[in-house]
Each structure stands twice: as structure tokens, then as C-alpha cells.
Amino acid sequence: YTPNDANWCWDDGLNSAWCHALSYSFGSLCMGSLFVSLVQCIKYVVQTIKKNSCENGIARCFMCCIECCLNQLIFVMEWFNSWAYTYIGIHGTSYMTSAKNVMTLFDKVGWDAIVHDELVSVVLFLQKITIALLTGFVGYWYVTTQEDVFKNTPFLDEEDEVVGFVVGAGIGYLVSAILMELVHSAVHGVIVCLAESPALFQFHHPLLAADIMEAWKDCYPDECADELTSYEEHAV
């Protein structure tokens with residue numbers, strides 16, 4: 001996959017990856033989601049038991065601790081799945097193999113600190129919130145300027161500005177979440193490909209490789225010293 005293949009929004013590489021994800025790798029994707037669903041099911045059972053044991057303070061405290069641990073486990077599994085899914089999309093291997101290989105890869109190149117300190121998700125989340133607020137104000141403006149917007153809608157007032165804001169914000173957040181998830185997945189793909197084949201990345205994108213080297217030197221001088229040295233030797 002070279003830069004010349006990305007001259008269009010739907011090229012042959014993206015088409016083959018889409019077909020592969022919906023066929024050969026579909027079971028691996030479902031397996032990762034199954035693990036998260038099982039933990040969420042256990043969390044629901046714990047919440048139900050906690051509600052039924054409202055008179056027993058010790059039992060409620062114990063269930064709260066279990067629920068907290070399950071929440072953390074779900075967070076870790078979702079973070080773990082995102083990298084495993086990326087490796088599945090690149091190599092088409094099974095879920096367990098991909099999860100093992102991608103973590104081994106990061107440990108081998110010394111990028112554990114980098115992937116844990118990833119700030120892309122925070123930036124994308126702020127963008128989603130910003131878009132939601134903007135579309136919410138658009139919905140608010142539309143309701144205040146138009147008459148009888150919710151006239152034929154049950155349980156809603158004819159000029160409910162709050163509903164207009166909530167509906168607009170909800171639509172904006174959902175649409176932006178889909179778009180930002182594509183960006184997030186692309187970033188994960190770049191990180192995994194860079195960890196596996198840094199020479200190819202530097203060959204196809206020399207300017208970006210130089211920018212990444214400078215950023216690594218500033219943020220992670222110890223962790224990335226060996227990798228940056230090999231990049232610089234290759235550039236020379």
C-alpha cells in the first residue's frame with residue numbers, strides 16, 4: 001500500500017480491506033466484542049444484586065467494589081481490542097494471535113509508554129463535543145426561528161428550544177463520532193505500521209518521519225533513543 005494508492009476516497013486497498021473485514025476477519029472482530037459483552041453482562045448481574053441487597057451495607061459495599069473493578073476491566077479490554085482490531089485489519093490474523101503480536105511488537109520496540117500515553121482519543125473527543133455543541137445551537141436557532149416545529153410530535157411542546165438543542169447536539173455527536181472513529185483507527189494503523197516497518201514509512205514519507213523523530217526526542221528521549229538512531233542512520 002503506497003501513497004499513490006490513496007488518490008481516491010475509495011481505492012482498491014480500502015475496498016479489499018473492507019471485504020476482508022466482512023468475510024475472513026469477521027469472526028475475529030466478533031470475538032473481541034464478545035469478551036466485552038460478557039464482562040458487561042456480569043456487570044449488569046452485579047448491579048442487580050446490589051439493588052436487591054439495599055438493606056445490607058456490607059454487601060452493597062462489596063458489590064460496589066466489584067462493579068468498579070468490572071468498569072476498569074471493560075475499559076482495558078476496549079483499549080486492548082482497538083489495537084488488536086488494527087493488527088487484524090493489517091495482517092488478517094486471528095483475534096488471539098493479533099492481540100498477542102501487537103503487544104509483543106510494542107514491547108519489542110519499547111513503545112509501551114507511547115501507546116499508553118496516547119492523546120489522540122482525548123483530542124478527538126473534544127472535537128466531538130465541539131461539533132455537538134455547534135449542531136445543538138443550530139437546532140436551538142432553528143426551533144426559535146421556525147413555527148410549529150414539533151406540532152405533530154407527541155409529548156413535545158410546539159416551541160421547545162431545549163428539545164431542539166438536545167436533538168441537534170445528539171445528531172452532531174453521533175455523526176462526528178463515526179467520522180472521528182475513522183481518524184482514530186487510521187492513527188492506530190499508522191502507529192502499528194510504523195512500529196513494524198519504519199524504513200518503509202521513512203521511504204514514502206520522509207518529512208513526516210523527520211517530524212516524528214523530533215517529537216519523540218522531545219517527549220521520550222530514553223524510550224525511543226534506539227529507534228530514532230536507526231531512523232537517522234537509514235536517512236543518512
# chains A, B, ... in the order shown; residues from 1 in each chain; ligands from 1
>>> residues_around(residues="range 162-171 of chain A", least_positions_apart="5", cutoff="10 Å", atoms="only C-alpha atoms", output="PDB file with N, CA, C and O atoms, in the first residue's frame")
ATOM      1  N   LYS A 128     -15.485  16.056  19.047  1.00  0.00           N
ATOM      2  CA  LYS A 128     -16.869  15.576  19.019  1.00  0.00           C
ATOM      3  C   LYS A 128     -17.769  16.449  19.888  1.00  0.00           C
ATOM      4  O   LYS A 128     -18.913  16.760  19.501  1.00  0.00           O
ATOM      5  N   ILE A 129     -17.271  16.834  21.052  1.00  0.00           N
ATOM      6  CA  ILE A 129     -18.060  17.708  21.925  1.00  0.00           C
ATOM      7  C   ILE A 129     -18.280  19.067  21.273  1.00  0.00           C
ATOM      8  O   ILE A 129     -19.380  19.643  21.333  1.00  0.00           O
ATOM      9  N   THR A 130     -17.244  19.604  20.629  1.00  0.00           N
ATOM     10  CA  THR A 130     -17.369  20.895  19.960  1.00  0.00           C
ATOM     11  C   THR A 130     -18.405  20.846  18.842  1.00  0.00           C
ATOM     12  O   THR A 130     -19.252  21.740  18.709  1.00  0.00           O
ATOM     13  N   ILE A 131     -18.347  19.786  18.029  1.00  0.00           N
ATOM     14  CA  ILE A 131     -19.319  19.641  16.947  1.00  0.00           C
ATOM     15  C   ILE A 131     -20.723  19.474  17.503  1.00  0.00           C
ATOM     16  O   ILE A 131     -21.696  20.034  16.972  1.00  0.00           O
ATOM     17  N   ALA A 132     -20.862  18.715  18.595  1.00  0.00           N
ATOM     18  CA  ALA A 132     -22.174  18.524  19.204  1.00  0.00           C
ATOM     19  C   ALA A 132     -22.746  19.848  19.708  1.00  0.00           C
ATOM     20  O   ALA A 132     -23.949  20.124  19.540  1.00  0.00           O
ATOM     21  N   LEU A 133     -21.908  20.671  20.314  1.00  0.00           N
ATOM     22  CA  LEU A 133     -22.386  21.972  20.793  1.00  0.00           C
ATOM     23  C   LEU A 133     -22.806  22.874  19.632  1.00  0.00           C
ATOM     24  O   LEU A 133     -23.839  23.556  19.705  1.00  0.00           O
ATOM     25  N   LEU A 134     -22.018  22.864  18.560  1.00  0.00           N
ATOM     26  CA  LEU A 134     -22.356  23.700  17.405  1.00  0.00           C
ATOM     27  C   LEU A 134     -23.670  23.264  16.769  1.00  0.00           C
ATOM     28  O   LEU A 134     -24.542  24.100  16.476  1.00  0.00           O
ATOM     29  N   THR A 135     -23.833  21.960  16.557  1.00  0.00           N
ATOM     30  CA  THR A 135     -25.087  21.483  15.979  1.00  0.00           C
ATOM     31  C   THR A 135     -26.248  21.660  16.953  1.00  0.00           C
ATOM     32  O   THR A 135     -27.394  21.852  16.526  1.00  0.00           O
ATOM     33  N   GLY A 136     -25.962  21.608  18.245  1.00  0.00           N
ATOM     34  CA  GLY A 136     -27.012  21.868  19.223  1.00  0.00           C
ATOM     35  C   GLY A 136     -27.522  23.295  19.136  1.00  0.00           C
ATOM     36  O   GLY A 136     -28.737  23.542  19.195  1.00  0.00           O
ATOM     37  N   PHE A 137     -26.598  24.238  18.992  1.00  0.00           N
ATOM     38  CA  PHE A 137     -27.022  25.638  18.843  1.00  0.00           C
ATOM     39  C   PHE A 137     -27.757  25.860  17.527  1.00  0.00           C
ATOM     40  O   PHE A 137     -28.654  26.707  17.448  1.00  0.00           O
ATOM     41  N   VAL A 138     -27.363  25.109  16.491  1.00  0.00           N
ATOM     42  CA  VAL A 138     -28.104  25.196  15.227  1.00  0.00           C
ATOM     43  C   VAL A 138     -29.534  24.713  15.424  1.00  0.00           C
ATOM     44  O   VAL A 138     -30.503  25.329  14.943  1.00  0.00           O
ATOM     45  N   GLY A 139     -29.700  23.592  16.146  1.00  0.00           N
ATOM     46  CA  GLY A 139     -31.045  23.112  16.446  1.00  0.00           C
ATOM     47  C   GLY A 139     -31.836  24.094  17.286  1.00  0.00           C
ATOM     48  O   GLY A 139     -33.037  24.296  17.065  1.00  0.00           O
ATOM     49  N   TYR A 140     -31.182  24.721  18.255  1.00  0.00           N
ATOM     50  CA  TYR A 140     -31.839  25.729  19.090  1.00  0.00           C
ATOM     51  C   TYR A 140     -32.285  26.921  18.250  1.00  0.00           C
ATOM     52  O   TYR A 140     -33.408  27.423  18.394  1.00  0.00           O
ATOM     53  N   TRP A 141     -31.404  27.367  17.360  1.00  0.00           N
ATOM     54  CA  TRP A 141     -31.745  28.509  16.488  1.00  0.00           C
ATOM     55  C   TRP A 141     -32.899  28.158  15.561  1.00  0.00           C
ATOM     56  O   TRP A 141     -33.799  28.975  15.337  1.00  0.00           O
ATOM     57  N   TYR A 142     -32.903  26.935  15.041  1.00  0.00           N
ATOM     58  CA  TYR A 142     -33.964  26.534  14.113  1.00  0.00           C
ATOM     59  C   TYR A 142     -35.322  26.500  14.813  1.00  0.00           C
ATOM     60  O   TYR A 142     -36.332  26.937  14.246  1.00  0.00           O
ATOM     61  N   VAL A 143     -35.352  25.990  16.042  1.00  0.00           N
ATOM     62  CA  VAL A 143     -36.611  25.897  16.765  1.00  0.00           C
ATOM     63  C   VAL A 143     -37.136  27.289  17.125  1.00  0.00           C
ATOM     64  O   VAL A 143     -38.347  27.541  17.090  1.00  0.00           O
ATOM     65  N   THR A 144     -36.226  28.198  17.476  1.00  0.00           N
ATOM     66  CA  THR A 144     -36.650  29.538  17.873  1.00  0.00           C
ATOM     67  C   THR A 144     -37.087  30.392  16.685  1.00  0.00           C
ATOM     68  O   THR A 144     -37.885  31.322  16.855  1.00  0.00           O
ATOM     69  N   VAL A 149     -42.555  23.606  14.961  1.00  0.00           N
ATOM     70  CA  VAL A 149     -41.594  22.564  14.574  1.00  0.00           C
ATOM     71  C   VAL A 149     -42.027  21.211  15.108  1.00  0.00           C
ATOM     72  O   VAL A 149     -41.976  20.193  14.413  1.00  0.00           O
ATOM     73  N   PHE A 150     -42.487  21.174  16.360  1.00  0.00           N
ATOM     74  CA  PHE A 150     -42.894  19.920  16.995  1.00  0.00           C
ATOM     75  C   PHE A 150     -44.418  19.835  17.133  1.00  0.00           C
ATOM     76  O   PHE A 150     -44.931  19.229  18.070  1.00  0.00           O
ATOM     77  N   LEU A 156     -44.131  16.592  23.026  1.00  0.00           N
ATOM     78  CA  LEU A 156     -43.205  17.704  22.873  1.00  0.00           C
ATOM     79  C   LEU A 156     -44.003  18.992  22.671  1.00  0.00           C
ATOM     80  O   LEU A 156     -45.053  19.003  22.040  1.00  0.00           O
ATOM     81  N   ASP A 157     -43.465  20.083  23.220  1.00  0.00           N
ATOM     82  CA  ASP A 157     -44.103  21.372  23.018  1.00  0.00           C
ATOM     83  C   ASP A 157     -43.853  21.865  21.603  1.00  0.00           C
ATOM     84  O   ASP A 157     -42.944  21.412  20.908  1.00  0.00           O
ATOM     85  N   SER A 176     -20.299  12.928  14.169  1.00  0.00           N
ATOM     86  CA  SER A 176     -18.877  13.205  14.398  1.00  0.00           C
ATOM     87  C   SER A 176     -18.174  12.021  15.033  1.00  0.00           C
ATOM     88  O   SER A 176     -16.983  11.775  14.775  1.00  0.00           O
ATOM     89  N   ALA A 177     -18.891  11.231  15.862  1.00  0.00           N
ATOM     90  CA  ALA A 177     -18.270  10.059  16.477  1.00  0.00           C
ATOM     91  C   ALA A 177     -17.874   9.041  15.423  1.00  0.00           C
ATOM     92  O   ALA A 177     -16.807   8.414  15.510  1.00  0.00           O
TER      93      ALA A 177
END
>>> closest_atom_pairs(of="range 61-101 of chain A", to="range 22-32 of chain A", cutoff="10 Å", atoms="only C-alpha atoms", output="tab-separated table")
residue	atom	partner	partner_atom	distance
A:Met77	CA	A:Gly32	CA	8.4
A:Glu78	CA	A:Gly32	CA	8.6
A:Phe80	CA	A:Gly32	CA	9.2
A:Asn81	CA	A:Gly32	CA	6.1
A:Ser82	CA	A:Gly32	CA	9.2
A:Ala84	CA	A:Gly32	CA	8.4
A:Tyr85	CA	A:Leu29	CA	6.7
A:Ile88	CA	A:Ser25	CA	7.0
A:Gly89	CA	A:Ser25	CA	7.7
A:His91	CA	A:Ser25	CA	9.7
A:Gly92	CA	A:Ser25	CA	6.1
A:Thr93	CA	A:Ser25	CA	7.5
A:Ser94	CA	A:Ser28	CA	5.6
A:Tyr95	CA	A:Ser28	CA	4.8
A:Met96	CA	A:Ser28	CA	8.2
A:Thr97	CA	A:Ser28	CA	9.8
A:Ser98	CA	A:Ser28	CA	9.2
A:Ala99	CA	A:Gly32	CA	9.6
>>> write_last_selection(atoms="N, CA, C and O atoms", output="PDB file, in the first residue's frame")
ATOM      1  N   MET A  77     -10.183  -3.718  28.308  1.00  0.00           N
ATOM      2  CA  MET A  77     -10.489  -4.605  27.194  1.00  0.00           C
ATOM      3  C   MET A  77     -10.831  -3.822  25.935  1.00  0.00           C
ATOM      4  O   MET A  77     -10.425  -4.206  24.828  1.00  0.00           O
ATOM      5  N   GLU A  78     -11.554  -2.720  26.071  1.00  0.00           N
ATOM      6  CA  GLU A  78     -11.869  -1.900  24.904  1.00  0.00           C
ATOM      7  C   GLU A  78     -10.608  -1.270  24.331  1.00  0.00           C
ATOM      8  O   GLU A  78     -10.447  -1.178  23.104  1.00  0.00           O
ATOM      9  N   PHE A  80      -7.574  -2.536  24.649  1.00  0.00           N
ATOM     10  CA  PHE A  80      -6.825  -3.666  24.115  1.00  0.00           C
ATOM     11  C   PHE A  80      -7.404  -4.096  22.763  1.00  0.00           C
ATOM     12  O   PHE A  80      -6.654  -4.417  21.832  1.00  0.00           O
ATOM     13  N   ASN A  81      -8.731  -4.101  22.653  1.00  0.00           N
ATOM     14  CA  ASN A  81      -9.377  -4.515  21.404  1.00  0.00           C
ATOM     15  C   ASN A  81      -9.054  -3.577  20.252  1.00  0.00           C
ATOM     16  O   ASN A  81      -8.931  -4.020  19.103  1.00  0.00           O
ATOM     17  N   SER A  82      -8.922  -2.284  20.536  1.00  0.00           N
ATOM     18  CA  SER A  82      -8.660  -1.330  19.460  1.00  0.00           C
ATOM     19  C   SER A  82      -7.346  -1.634  18.759  1.00  0.00           C
ATOM     20  O   SER A  82      -7.256  -1.559  17.526  1.00  0.00           O
ATOM     21  N   ALA A  84      -5.808  -4.673  18.858  1.00  0.00           N
ATOM     22  CA  ALA A  84      -5.951  -5.995  18.247  1.00  0.00           C
ATOM     23  C   ALA A  84      -6.707  -5.896  16.929  1.00  0.00           C
ATOM     24  O   ALA A  84      -6.340  -6.552  15.941  1.00  0.00           O
ATOM     25  N   TYR A  85      -7.755  -5.078  16.882  1.00  0.00           N
ATOM     26  CA  TYR A  85      -8.508  -4.904  15.639  1.00  0.00           C
ATOM     27  C   TYR A  85      -7.627  -4.291  14.549  1.00  0.00           C
ATOM     28  O   TYR A  85      -7.746  -4.640  13.370  1.00  0.00           O
ATOM     29  N   ILE A  88      -5.508  -6.992  13.194  1.00  0.00           N
ATOM     30  CA  ILE A  88      -6.328  -7.882  12.371  1.00  0.00           C
ATOM     31  C   ILE A  88      -6.549  -7.276  10.986  1.00  0.00           C
ATOM     32  O   ILE A  88      -6.467  -7.963   9.960  1.00  0.00           O
ATOM     33  N   GLY A  89      -6.835  -5.981  10.938  1.00  0.00           N
ATOM     34  CA  GLY A  89      -7.053  -5.331   9.658  1.00  0.00           C
ATOM     35  C   GLY A  89      -5.822  -5.298   8.786  1.00  0.00           C
ATOM     36  O   GLY A  89      -5.922  -5.320   7.554  1.00  0.00           O
ATOM     37  N   HIS A  91      -3.010  -7.557   9.008  1.00  0.00           N
ATOM     38  CA  HIS A  91      -2.459  -8.873   8.692  1.00  0.00           C
ATOM     39  C   HIS A  91      -3.513  -9.952   8.478  1.00  0.00           C
ATOM     40  O   HIS A  91      -3.192 -11.009   7.927  1.00  0.00           O
ATOM     41  N   GLY A  92      -4.735  -9.724   8.941  1.00  0.00           N
ATOM     42  CA  GLY A  92      -5.774 -10.722   8.758  1.00  0.00           C
ATOM     43  C   GLY A  92      -5.620 -11.955   9.624  1.00  0.00           C
ATOM     44  O   GLY A  92      -6.184 -13.009   9.306  1.00  0.00           O
ATOM     45  N   THR A  93      -4.892 -11.860  10.727  1.00  0.00           N
ATOM     46  CA  THR A  93      -4.707 -12.998  11.626  1.00  0.00           C
ATOM     47  C   THR A  93      -5.882 -13.096  12.602  1.00  0.00           C
ATOM     48  O   THR A  93      -6.750 -12.235  12.638  1.00  0.00           O
ATOM     49  N   SER A  94      -5.896 -14.149  13.397  1.00  0.00           N
ATOM     50  CA  SER A  94      -6.972 -14.354  14.354  1.00  0.00           C
ATOM     51  C   SER A  94      -6.886 -13.327  15.481  1.00  0.00           C
ATOM     52  O   SER A  94      -5.883 -12.627  15.643  1.00  0.00           O
ATOM     53  N   TYR A  95      -7.957 -13.287  16.286  1.00  0.00           N
ATOM     54  CA  TYR A  95      -8.007 -12.289  17.351  1.00  0.00           C
ATOM     55  C   TYR A  95      -6.916 -12.513  18.386  1.00  0.00           C
ATOM     56  O   TYR A  95      -6.188 -11.577  18.751  1.00  0.00           O
ATOM     57  N   MET A  96      -6.789 -13.738  18.876  1.00  0.00           N
ATOM     58  CA  MET A  96      -5.803 -14.017  19.909  1.00  0.00           C
ATOM     59  C   MET A  96      -4.385 -13.810  19.390  1.00  0.00           C
ATOM     60  O   MET A  96      -3.531 -13.255  20.083  1.00  0.00           O
ATOM     61  N   THR A  97      -4.132 -14.236  18.161  1.00  0.00           N
ATOM     62  CA  THR A  97      -2.805 -14.039  17.566  1.00  0.00           C
ATOM     63  C   THR A  97      -2.498 -12.563  17.384  1.00  0.00           C
ATOM     64  O   THR A  97      -1.389 -12.100  17.674  1.00  0.00           O
ATOM     65  N   SER A  98      -3.474 -11.800  16.905  1.00  0.00           N
ATOM     66  CA  SER A  98      -3.268 -10.365  16.694  1.00  0.00           C
ATOM     67  C   SER A  98      -3.028  -9.635  18.010  1.00  0.00           C
ATOM     68  O   SER A  98      -2.144  -8.778  18.101  1.00  0.00           O
ATOM     69  N   ALA A  99      -3.826  -9.973  19.038  1.00  0.00           N
ATOM     70  CA  ALA A  99      -3.659  -9.325  20.331  1.00  0.00           C
ATOM     71  C   ALA A  99      -2.273  -9.607  20.913  1.00  0.00           C
ATOM     72  O   ALA A  99      -1.620  -8.708  21.459  1.00  0.00           O
TER      73      ALA A  99
END
>>> atom_distance(atom1="CA of Phe125 in chain A", atom2="CA of Gly172 in chain A")
12.6 Å
>>> residues_around(residues="range 180-184 of chain A", least_positions_apart="4", cutoff="12 Å", atoms="only C-alpha atoms", output="short mmCIF file (atom, residue, chain, number, x, y, z; two decimals) with C-alpha atoms, in the first residue's frame")
data_model
loop_
_atom_site.label_atom_id
_atom_site.label_comp_id
_atom_site.auth_asym_id
_atom_site.auth_seq_id
_atom_site.Cartn_x
_atom_site.Cartn_y
_atom_site.Cartn_z
CA TRP A 79 -8.43 -0.27 24.72
CA SER A 82 -8.66 -1.33 19.46
CA TRP A 83 -5.03 -2.37 18.91
CA THR A 86 -5.86 -2.76 13.97
CA GLU A 118 -1.84 8.36 23.54
CA LEU A 119 -3.68 11.68 23.47
CA VAL A 120 -5.43 11.27 20.14
CA SER A 121 -8.59 9.94 21.75
CA VAL A 122 -8.75 13.00 24.04
CA VAL A 123 -8.34 15.41 21.13
CA LEU A 124 -10.96 13.61 19.05
CA PHE A 125 -13.36 13.56 21.99
CA LEU A 126 -13.02 17.34 22.37
CA GLN A 127 -13.74 17.71 18.67
CA LYS A 128 -16.87 15.58 19.02
CA ILE A 129 -18.06 17.71 21.92
CA ILE A 131 -19.32 19.64 16.95
CA GLY A 172 -23.95 16.10 15.64
CA TYR A 173 -22.28 13.90 18.22
CA LEU A 174 -23.30 10.66 16.51
CA VAL A 175 -22.14 11.77 13.08
CA SER A 176 -18.88 13.20 14.40
CA HIS A 188 -3.63 3.28 15.24
CA GLY A 189 -2.86 1.84 11.83
CA VAL A 190 -0.03 4.32 11.28
CA ILE A 191 1.47 3.53 14.70
#
>>> select_by_dssp(residues="range 37-194 of chain A", states="helix (DSSP H, G or I)", output="ChimeraX atom specification")
/A:37-52,57-91,95-109,112-116,120-145,161-194
>>> atom_distance(atom1="CA of Ala21 in chain A", atom2="CA of Leu34 in chain A")
16.5 Å
>>> residues_around(residues="Cys65 in chain A", least_positions_apart="4", cutoff="12 Å", atoms="only C-alpha atoms", output="ChimeraX atom specification")
/A:43,46-47,50,58-61,69-72
